[in-house]
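S.K.: Below is the structure I would like to discuss, written out as structure tokens.
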Amino acid sequence: MNKFTLGMIGLGTMGRNLLLNMADNDFKVTGYDKDPKMLQKLEEDGKAHNLKGFASLEDFIRSLELPRRVMLLVPAGQIVDSVIKELVPLLDKGDMIIDSGNSHFTDTSRRATELSEEGIHFFGMGISGGEEGARFGPSMMPGGDKTAYNAVKPILEAVSAKVNGDPCVAYIGPGAAGHFVKMVHNGIEYSMMQILAETYDLLKNGAGYNNDQIYGLFEKWNNGRLKSFLLEVTRDIFKVKDEKTGGYLLDLIKDEAKSKGTGKWTSQVSMDLQLPIPTINESVSSRDLSKFKALRVALSNALPHKRIEITDKKTFEVQLEQALYFAMITSYAQGLHLLEQASKEFKYELNLKEISQIWRGGCIIRAELLEDIYQAYSKQAGLPHLYSDSGIQQQLEEIIPATRAIVISAIQNGIAVPCYASALTYFDSLRTDKSPLNLTQAQRDFFGAHTFERIDEEGIFHADWNSNNL
Ligand SMILES: NC(=O)C1=CN([C@@H]2O[C@H](COP(=O)(O)OP(=O)(O)OC[C@H]3O[C@@H](n4cnc5c(N)ncnc54)[C@H](OP(=O)(O)O)[C@@H]3O)[C@@H](O)[C@H]2O)C=CC1
Ligand SMILES: O=C(CO)[C@H](O)[C@H](O)COP(=O)(O)O
């Protein structure tokens, strides 16, 4: 029997579609899943390619050419460890395992170390684009063992999304760099989604737009500089009707958001690295806050407020487009700043130009704006922050006044805009040459003798605050 080039474990949404994509690109691939229904579905969908699925892990492993390339697309966490445990006794030295799920980067580091002791190459790869992306061209972020990467590079490049002919996949860096970058991608994704939710709230509850009007506005914006995958799918949501009731499906969805953890992990790491990403943090908190439905309902009854309708809708639309653009720039800026810091801390050797390039196509956060970001990092590899680029600065000058107007109007009208407000405050904090944190240092020294530095003299100082000129 001719052996298979790559085997996929986990034939759910992502695994099945990525495997079909590989088969479309003439790679001889196979799959394994514990669930017989998944195997049947793979064979039905893959009839044209004679795609084979195995119900026995042993047969699946025997069917692969040496050295074996095994890709995992199973749920992240404990399941990945149990699949690896089952796999290892069946593999030989030199074989490789590619974990393409949303694994936590610290799990990836641990697994790489454990598997290298067994002589097995392991690398973690983030993949983005959802079902459609996996099937027709995702963005992929592989990191870790370069031998293993080189062995699958031609497959990954062939199946990835392409922008101007360039594949949306590149070697990200050593260790768990691939999974780290995918995690931050998801943090940016959470932020962009929350900003769009706040925009919806402003339009619906602030300015009284109906779903059709919001669809029209998003359609108009998506034809301009805001063009992005998330704006496009959000626009389409406003059109979808419920089969049962005939009403808008969106209006029937409970307002409590779930999450699988990648946004939270991004916020947790940012705190550990002391690299602030407040807008991403707010998007994580907004999902968590939404879960207190009963409390929200009780408080809205106990503390009702009247929302004032925004009447100058024309000006409001123009300003909102600018504010939305600003908040999107800031979401990327915070994520990229975190990557810069993590690269130093974890020695990931991240190339932000290349990362913005592979995010331009295939992934959930793909957007026209990434072209400007890519240009910014192409001009200056060590750009300290996205706001430091002169092209971005010109855009900021134009859009900040409108952002202020939108945030003020939201606050006056009692509409919660945590991401918009935090993005603006982040901007104001970052471009402040003199922060008020000299006072924080004085307070710390006053009550705890924690010392401070002076602006007129080198060294570490402590003052006797109680006896000084009171
Ligand atoms: N869905 C998405 O849009 C994206 C998902 N991801 C990530 O990709 C990974 C896979 O996600 P997705 O495809 O959506 O998940 P699914 O749940 O759709 O598919 C996972 C598949 O793995 C199977 N499985 C579970 N345990 C085992 C095992 N021990 N051996 C073999 N097969 C097993 C599951 O079977 P069963 O159902 O019977 O348990 C299921 O068929 C996750 O880490 C996810 O976070 C990344 C990007 C986008
Ligand atoms: O990885 C993805 C896309 O890039 C997934 O869509 C993402 O994991 C969804 O996350 P959550 O369920 O937490 O909203």
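Going through the structure tokens in order, the chains are called A, B, and so on, while each chain numbers its residues from 1 and the ligands are numbered from 1 in the order shown.
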So that I can see what lies close to region 237-252 of chain A, please list as an NGL selection string the residues with an atom at most 8 Å from it, counting only C-alpha atoms and leaving out residues fewer than 2 positions away in the same chain.
M.R.: :A and (211-212 or 214-215 or 233-235 or 254)
S.K.: Using only C-alpha atoms and all ligand atoms, which residues have at least one atom no more than 8 Å from ligand 1? Output them as a PDB file with N, CA and C atoms, in the first residue's frame.
M.R.:
```pdb
ATOM      1  N   ILE A   9      -5.294  13.684  13.498  1.00  0.00           N
ATOM      2  CA  ILE A   9      -6.093  13.126  14.600  1.00  0.00           C
ATOM      3  C   ILE A   9      -7.088  14.195  15.034  1.00  0.00           C
ATOM      4  N   GLY A  10      -8.363  13.861  14.992  1.00  0.00           N
ATOM      5  CA  GLY A  10      -9.430  14.828  15.313  1.00  0.00           C
ATOM      6  C   GLY A  10     -10.052  15.304  14.016  1.00  0.00           C
ATOM      7  N   LEU A  11     -11.233  14.758  13.709  1.00  0.00           N
ATOM      8  CA  LEU A  11     -11.849  15.082  12.410  1.00  0.00           C
ATOM      9  C   LEU A  11     -13.117  15.899  12.609  1.00  0.00           C
ATOM     10  N   GLY A  12     -13.048  16.846  13.557  1.00  0.00           N
ATOM     11  CA  GLY A  12     -14.182  17.743  13.792  1.00  0.00           C
ATOM     12  C   GLY A  12     -14.138  18.901  12.806  1.00  0.00           C
ATOM     13  N   THR A  13     -14.648  20.042  13.244  1.00  0.00           N
ATOM     14  CA  THR A  13     -14.756  21.221  12.374  1.00  0.00           C
ATOM     15  C   THR A  13     -13.437  21.544  11.674  1.00  0.00           C
ATOM     16  N   MET A  14     -12.368  21.661  12.441  1.00  0.00           N
ATOM     17  CA  MET A  14     -11.098  22.115  11.875  1.00  0.00           C
ATOM     18  C   MET A  14     -10.334  20.983  11.187  1.00  0.00           C
ATOM     19  N   GLY A  15     -10.218  19.839  11.861  1.00  0.00           N
ATOM     20  CA  GLY A  15      -9.415  18.735  11.333  1.00  0.00           C
ATOM     21  C   GLY A  15      -9.937  18.226   9.999  1.00  0.00           C
ATOM     22  N   ARG A  16     -11.260  18.009   9.923  1.00  0.00           N
ATOM     23  CA  ARG A  16     -11.824  17.460   8.680  1.00  0.00           C
ATOM     24  C   ARG A  16     -11.599  18.439   7.527  1.00  0.00           C
ATOM     25  N   TYR A  32      -7.835  10.141  11.647  1.00  0.00           N
ATOM     26  CA  TYR A  32      -8.289   9.240  12.710  1.00  0.00           C
ATOM     27  C   TYR A  32      -9.137  10.043  13.685  1.00  0.00           C
ATOM     28  N   ASP A  33     -10.244   9.464  14.104  1.00  0.00           N
ATOM     29  CA  ASP A  33     -11.072  10.083  15.140  1.00  0.00           C
ATOM     30  C   ASP A  33     -11.708   8.956  15.933  1.00  0.00           C
ATOM     31  N   LYS A  34     -11.933   9.225  17.211  1.00  0.00           N
ATOM     32  CA  LYS A  34     -12.574   8.220  18.069  1.00  0.00           C
ATOM     33  C   LYS A  34     -14.025   8.022  17.663  1.00  0.00           C
ATOM     34  N   ASP A  35     -14.604   9.045  17.069  1.00  0.00           N
ATOM     35  CA  ASP A  35     -16.032   9.054  16.780  1.00  0.00           C
ATOM     36  C   ASP A  35     -16.296   8.488  15.369  1.00  0.00           C
ATOM     37  N   MET A  38     -17.632  10.749  12.623  1.00  0.00           N
ATOM     38  CA  MET A  38     -16.670  11.690  12.018  1.00  0.00           C
ATOM     39  C   MET A  38     -15.926  11.020  10.859  1.00  0.00           C
ATOM     40  N   LEU A  72      -2.474  17.129  15.206  1.00  0.00           N
ATOM     41  CA  LEU A  72      -3.607  17.013  16.140  1.00  0.00           C
ATOM     42  C   LEU A  72      -4.528  18.220  15.984  1.00  0.00           C
ATOM     43  N   LEU A  73      -5.816  17.962  15.816  1.00  0.00           N
ATOM     44  CA  LEU A  73      -6.812  19.049  15.908  1.00  0.00           C
ATOM     45  C   LEU A  73      -7.958  18.565  16.790  1.00  0.00           C
ATOM     46  N   VAL A  74      -7.573  18.335  18.053  1.00  0.00           N
ATOM     47  CA  VAL A  74      -8.534  17.894  19.063  1.00  0.00           C
ATOM     48  C   VAL A  74      -8.711  19.052  20.054  1.00  0.00           C
ATOM     49  N   PRO A  75      -9.739  19.011  20.901  1.00  0.00           N
ATOM     50  CA  PRO A  75      -9.910  20.104  21.870  1.00  0.00           C
ATOM     51  C   PRO A  75      -8.660  20.293  22.736  1.00  0.00           C
ATOM     52  N   ALA A  76      -8.334  21.574  23.004  1.00  0.00           N
ATOM     53  CA  ALA A  76      -7.122  21.881  23.774  1.00  0.00           C
ATOM     54  C   ALA A  76      -7.255  21.400  25.217  1.00  0.00           C
ATOM     55  N   GLY A  77      -6.113  21.227  25.871  1.00  0.00           N
ATOM     56  CA  GLY A  77      -6.103  20.862  27.286  1.00  0.00           C
ATOM     57  C   GLY A  77      -5.726  19.406  27.486  1.00  0.00           C
ATOM     58  N   ILE A  79      -7.086  16.652  26.751  1.00  0.00           N
ATOM     59  CA  ILE A  79      -7.256  15.705  25.632  1.00  0.00           C
ATOM     60  C   ILE A  79      -5.961  15.608  24.813  1.00  0.00           C
ATOM     61  N   VAL A  80      -5.276  16.725  24.638  1.00  0.00           N
ATOM     62  CA  VAL A  80      -4.022  16.704  23.859  1.00  0.00           C
ATOM     63  C   VAL A  80      -3.013  15.793  24.561  1.00  0.00           C
ATOM     64  N   SER A  82      -3.673  13.305  26.557  1.00  0.00           N
ATOM     65  CA  SER A  82      -4.043  11.882  26.496  1.00  0.00           C
ATOM     66  C   SER A  82      -3.824  11.326  25.092  1.00  0.00           C
ATOM     67  N   VAL A  83      -4.023  12.146  24.058  1.00  0.00           N
ATOM     68  CA  VAL A  83      -3.752  11.672  22.688  1.00  0.00           C
ATOM     69  C   VAL A  83      -2.245  11.415  22.538  1.00  0.00           C
ATOM     70  N   SER A 100      -2.105  21.537  16.404  1.00  0.00           N
ATOM     71  CA  SER A 100      -2.641  22.735  15.740  1.00  0.00           C
ATOM     72  C   SER A 100      -3.845  23.331  16.439  1.00  0.00           C
ATOM     73  N   GLY A 101      -4.193  22.817  17.619  1.00  0.00           N
ATOM     74  CA  GLY A 101      -5.332  23.371  18.363  1.00  0.00           C
ATOM     75  C   GLY A 101      -4.921  24.622  19.118  1.00  0.00           C
ATOM     76  N   ASN A 102      -5.859  25.176  19.879  1.00  0.00           N
ATOM     77  CA  ASN A 102      -5.569  26.392  20.652  1.00  0.00           C
ATOM     78  C   ASN A 102      -4.995  26.024  22.015  1.00  0.00           C
ATOM     79  N   SER A 103      -3.836  25.387  22.003  1.00  0.00           N
ATOM     80  CA  SER A 103      -3.225  24.980  23.279  1.00  0.00           C
ATOM     81  C   SER A 103      -2.582  26.171  23.979  1.00  0.00           C
ATOM     82  N   GLY A 126      -0.587  27.600  15.772  1.00  0.00           N
ATOM     83  CA  GLY A 126      -1.903  28.240  15.842  1.00  0.00           C
ATOM     84  C   GLY A 126      -2.485  28.265  14.448  1.00  0.00           C
ATOM     85  N   ILE A 127      -3.788  28.059  14.384  1.00  0.00           N
ATOM     86  CA  ILE A 127      -4.447  28.120  13.076  1.00  0.00           C
ATOM     87  C   ILE A 127      -5.704  28.963  13.230  1.00  0.00           C
ATOM     88  N   SER A 128      -5.941  29.835  12.276  1.00  0.00           N
ATOM     89  CA  SER A 128      -7.131  30.692  12.364  1.00  0.00           C
ATOM     90  C   SER A 128      -7.855  30.770  11.030  1.00  0.00           C
ATOM     91  N   GLY A 129      -9.147  30.957  11.108  1.00  0.00           N
ATOM     92  CA  GLY A 129      -9.968  31.106   9.903  1.00  0.00           C
ATOM     93  C   GLY A 129     -11.272  30.345  10.035  1.00  0.00           C
ATOM     94  N   GLY A 130     -11.420  29.628  11.151  1.00  0.00           N
ATOM     95  CA  GLY A 130     -12.650  28.866  11.363  1.00  0.00           C
ATOM     96  C   GLY A 130     -12.797  27.771  10.320  1.00  0.00           C
ATOM     97  N   GLU A 131     -14.038  27.316  10.177  1.00  0.00           N
ATOM     98  CA  GLU A 131     -14.354  26.199   9.295  1.00  0.00           C
ATOM     99  C   GLU A 131     -13.990  26.516   7.833  1.00  0.00           C
ATOM    100  N   LYS A 260     -13.684  30.352  25.365  1.00  0.00           N
ATOM    101  CA  LYS A 260     -12.930  29.125  25.656  1.00  0.00           C
ATOM    102  C   LYS A 260     -11.610  29.408  26.373  1.00  0.00           C
TER     103      LYS A 260
END
```
S.K.: What separation in Å, quoted to one decimal, exists between CA of Lys93 (chain A) and CA of Leu42 (chain A)?
M.R.: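 Going from CA of Lys93 (chain A) over to CA of Leu42 (chain A), I get 29.5 Å.
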S.K.: Could you give me, as a ChimeraX atom specification, the residues within 12 Å of Gly143 (chain A), counting only C-alpha atoms and dropping anything in the same chain fewer than 3 positions from it?
M.R.: /A:98-100,105,108-109,112,121-127,140,146-150,153,169-182,348-350,355
S.K.: Take the residues that were just selected and, keeping N, CA and C atoms, output them as a tab-separated table (two decimals), in the first residue's frame.
M.R.:
```tsv
chain	number	residue	atom	x	y	z
A	98	ILE	N	2.40	17.56	15.38
A	98	ILE	CA	2.11	18.99	15.21
A	98	ILE	C	0.78	19.24	15.90
A	99	ASP	N	0.80	20.00	16.99
A	99	ASP	CA	-0.46	20.30	17.69
A	99	ASP	C	-0.99	21.62	17.13
A	100	SER	N	-2.10	21.54	16.40
A	100	SER	CA	-2.64	22.74	15.74
A	100	SER	C	-3.85	23.33	16.44
A	105	PHE	N	0.31	28.16	25.66
A	105	PHE	CA	1.72	28.10	25.26
A	105	PHE	C	2.60	27.40	26.30
A	108	THR	N	2.48	23.78	25.59
A	108	THR	CA	3.28	23.47	24.40
A	108	THR	C	4.76	23.36	24.76
A	109	SER	N	5.25	24.27	25.60
A	109	SER	CA	6.67	24.21	26.02
A	109	SER	C	6.93	22.90	26.74
A	112	ALA	N	6.88	19.90	24.35
A	112	ALA	CA	8.06	19.87	23.47
A	112	ALA	C	9.24	19.26	24.21
A	121	HIS	N	9.91	14.87	17.37
A	121	HIS	CA	9.85	16.31	17.10
A	121	HIS	C	8.43	16.79	17.37
A	122	PHE	N	8.33	17.93	18.03
A	122	PHE	CA	6.99	18.45	18.35
A	122	PHE	C	6.96	19.93	18.02
A	123	PHE	N	5.94	20.36	17.38
A	123	PHE	CA	5.76	21.80	17.33
A	123	PHE	C	4.30	22.19	17.44
A	124	GLY	N	4.10	23.39	18.02
A	124	GLY	CA	2.75	23.93	18.25
A	124	GLY	C	2.45	24.91	17.14
A	125	MET	N	1.26	24.79	16.60
A	125	MET	CA	0.89	25.71	15.51
A	125	MET	C	-0.50	26.28	15.76
A	126	GLY	N	-0.59	27.60	15.77
A	126	GLY	CA	-1.90	28.24	15.84
A	126	GLY	C	-2.48	28.26	14.45
A	127	ILE	N	-3.79	28.06	14.38
A	127	ILE	CA	-4.45	28.12	13.08
A	127	ILE	C	-5.70	28.96	13.23
A	140	MET	N	-1.77	30.44	9.36
A	140	MET	CA	-1.19	29.49	10.32
A	140	MET	C	0.08	30.03	10.95
A	146	LYS	N	12.19	23.32	14.36
A	146	LYS	CA	12.27	23.73	12.95
A	146	LYS	C	12.37	22.54	12.00
A	147	THR	N	12.96	21.42	12.47
A	147	THR	CA	13.06	20.22	11.61
A	147	THR	C	11.65	19.78	11.24
A	148	ALA	N	10.80	19.75	12.26
A	148	ALA	CA	9.43	19.31	12.02
A	148	ALA	C	8.72	20.30	11.10
A	149	TYR	N	8.97	21.59	11.33
A	149	TYR	CA	8.31	22.60	10.48
A	149	TYR	C	8.72	22.41	9.02
A	150	ASN	N	10.02	22.23	8.79
A	150	ASN	CA	10.49	22.11	7.41
A	150	ASN	C	9.88	20.89	6.71
A	153	LYS	N	6.38	22.12	5.81
A	153	LYS	CA	6.30	23.46	5.19
A	153	LYS	C	5.60	23.44	3.82
A	169	VAL	N	1.40	31.82	6.04
A	169	VAL	CA	2.03	30.96	7.03
A	169	VAL	C	3.52	31.26	6.98
A	170	ALA	N	4.13	31.28	8.17
A	170	ALA	CA	5.59	31.48	8.24
A	170	ALA	C	6.05	30.92	9.56
A	171	TYR	N	7.30	30.49	9.59
A	171	TYR	CA	7.86	29.99	10.86
A	171	TYR	C	7.90	31.17	11.83
A	172	ILE	N	7.24	31.01	12.99
A	172	ILE	CA	7.07	32.13	13.91
A	172	ILE	C	8.27	32.31	14.84
A	173	GLY	N	8.82	31.19	15.32
A	173	GLY	CA	9.95	31.30	16.25
A	173	GLY	C	10.07	30.04	17.08
A	174	PRO	N	11.11	29.99	17.93
A	174	PRO	CA	11.35	28.77	18.72
A	174	PRO	C	10.35	28.58	19.87
A	175	GLY	N	10.44	27.42	20.50
A	175	GLY	CA	9.60	27.15	21.68
A	175	GLY	C	8.13	27.19	21.32
A	176	ALA	N	7.37	27.84	22.22
A	176	ALA	CA	5.92	27.88	22.02
A	176	ALA	C	5.48	29.15	21.28
A	177	ALA	N	6.39	29.74	20.49
A	177	ALA	CA	6.11	31.03	19.84
A	177	ALA	C	4.82	30.98	19.01
A	178	GLY	N	4.59	29.87	18.31
A	178	GLY	CA	3.41	29.77	17.45
A	178	GLY	C	2.12	29.87	18.24
A	179	HIS	N	2.05	29.11	19.32
A	179	HIS	CA	0.83	29.14	20.14
A	179	HIS	C	0.70	30.47	20.88
A	180	PHE	N	1.83	31.09	21.25
A	180	PHE	CA	1.75	32.39	21.91
A	180	PHE	C	1.14	33.41	20.95
A	181	VAL	N	1.63	33.43	19.72
A	181	VAL	CA	1.14	34.42	18.74
A	181	VAL	C	-0.34	34.16	18.44
A	182	LYS	N	-0.74	32.89	18.36
A	182	LYS	CA	-2.16	32.60	18.10
A	182	LYS	C	-3.02	33.07	19.28
A	348	TYR	N	11.54	34.57	21.77
A	348	TYR	CA	10.79	33.99	20.66
A	348	TYR	C	11.27	34.46	19.28
A	349	GLU	N	12.11	35.51	19.27
A	349	GLU	CA	12.63	36.06	17.99
A	349	GLU	C	11.49	36.40	17.03
A	350	LEU	N	10.45	37.02	17.54
A	350	LEU	CA	9.27	37.31	16.70
A	350	LEU	C	9.58	38.42	15.70
A	355	ILE	N	4.53	38.62	11.00
A	355	ILE	CA	3.27	38.25	11.67
A	355	ILE	C	2.12	39.07	11.09
```
S.K.: Which one of A:Ser356, A:Ser285, A:Asn2, A:Thr403 sits closest to Gln322 (chain A) if you count only C-alpha atoms?
M.R.: A:Thr403
S.K.: Can you list, as JSON, numbers by chain, all residues belonging to region 107-237 of chain A that DSSP tags as alpha helix (DSSP H)?
M.R.: {"A": [107, 108, 109, 110, 111, 112, 113, 114, 115, 116, 117, 130, 131, 132, 133, 134, 135, 136, 146, 147, 148, 149, 150, 151, 152, 153, 154, 155, 156, 157, 158, 159, 177, 178, 179, 180, 181, 182, 183, 184, 185, 186, 187, 188, 189, 190, 191, 192, 193, 194, 195, 196, 197, 198, 199, 200, 201, 211, 212, 213, 214, 215, 216, 217, 218, 219, 220, 221, 222, 229, 230, 231, 232, 233, 234, 235, 236, 237]}
S.K.: A:Asp288, A:Glu371, A:Glu282, A:Glu65: which is nearest Glu256 (chain A), counting only C-alpha atoms?
M.R.: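 Counting only C-alpha atoms, the residue closest to Glu256 (chain A) is A:Asp288.
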S.K.: Could you give me, as a list of chain:residue names, the residues within 10 Å of Glu198 (chain A), counting only C-alpha atoms and dropping anything in the same chain fewer than 4 positions from it?
M.R.: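 My list of contacting residues is A:Met192, A:Met193, A:Gln194, A:Leu202, A:Leu203, A:Lys204, A:Leu324, A:Ala410, A:Ile415, A:Ala416, A:Val417, A:Pro418, A:Cys419, A:Tyr420.
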S.K.: Would you mind telling me which residue in A:Ile195, A:Ala376, A:Ile364, A:Leu275 lies nearest to Gln334 (chain A) when using only C-alpha atoms?
M.R.: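 Answer, going by the shortest atom-to-atom distance: A:Leu275.
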S.K.: Report the residues of region 156-354 of chain A whose backbone DSSP state falls under strand (DSSP E), written as a list in words.
M.R.: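 Strand (DSSP E) assignments inside region 156-354 of chain A correspond to Lys162, Val163, Asp166 and Pro167 of chain A.
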S.K.: Pick the closest to ligand 2 from A:Gln393, A:Ser191, A:Gln268, A:Ser388: which is it, counting only C-alpha atoms and all ligand atoms?
M.R.: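 The closest residue to ligand 2 is A:Ser191.
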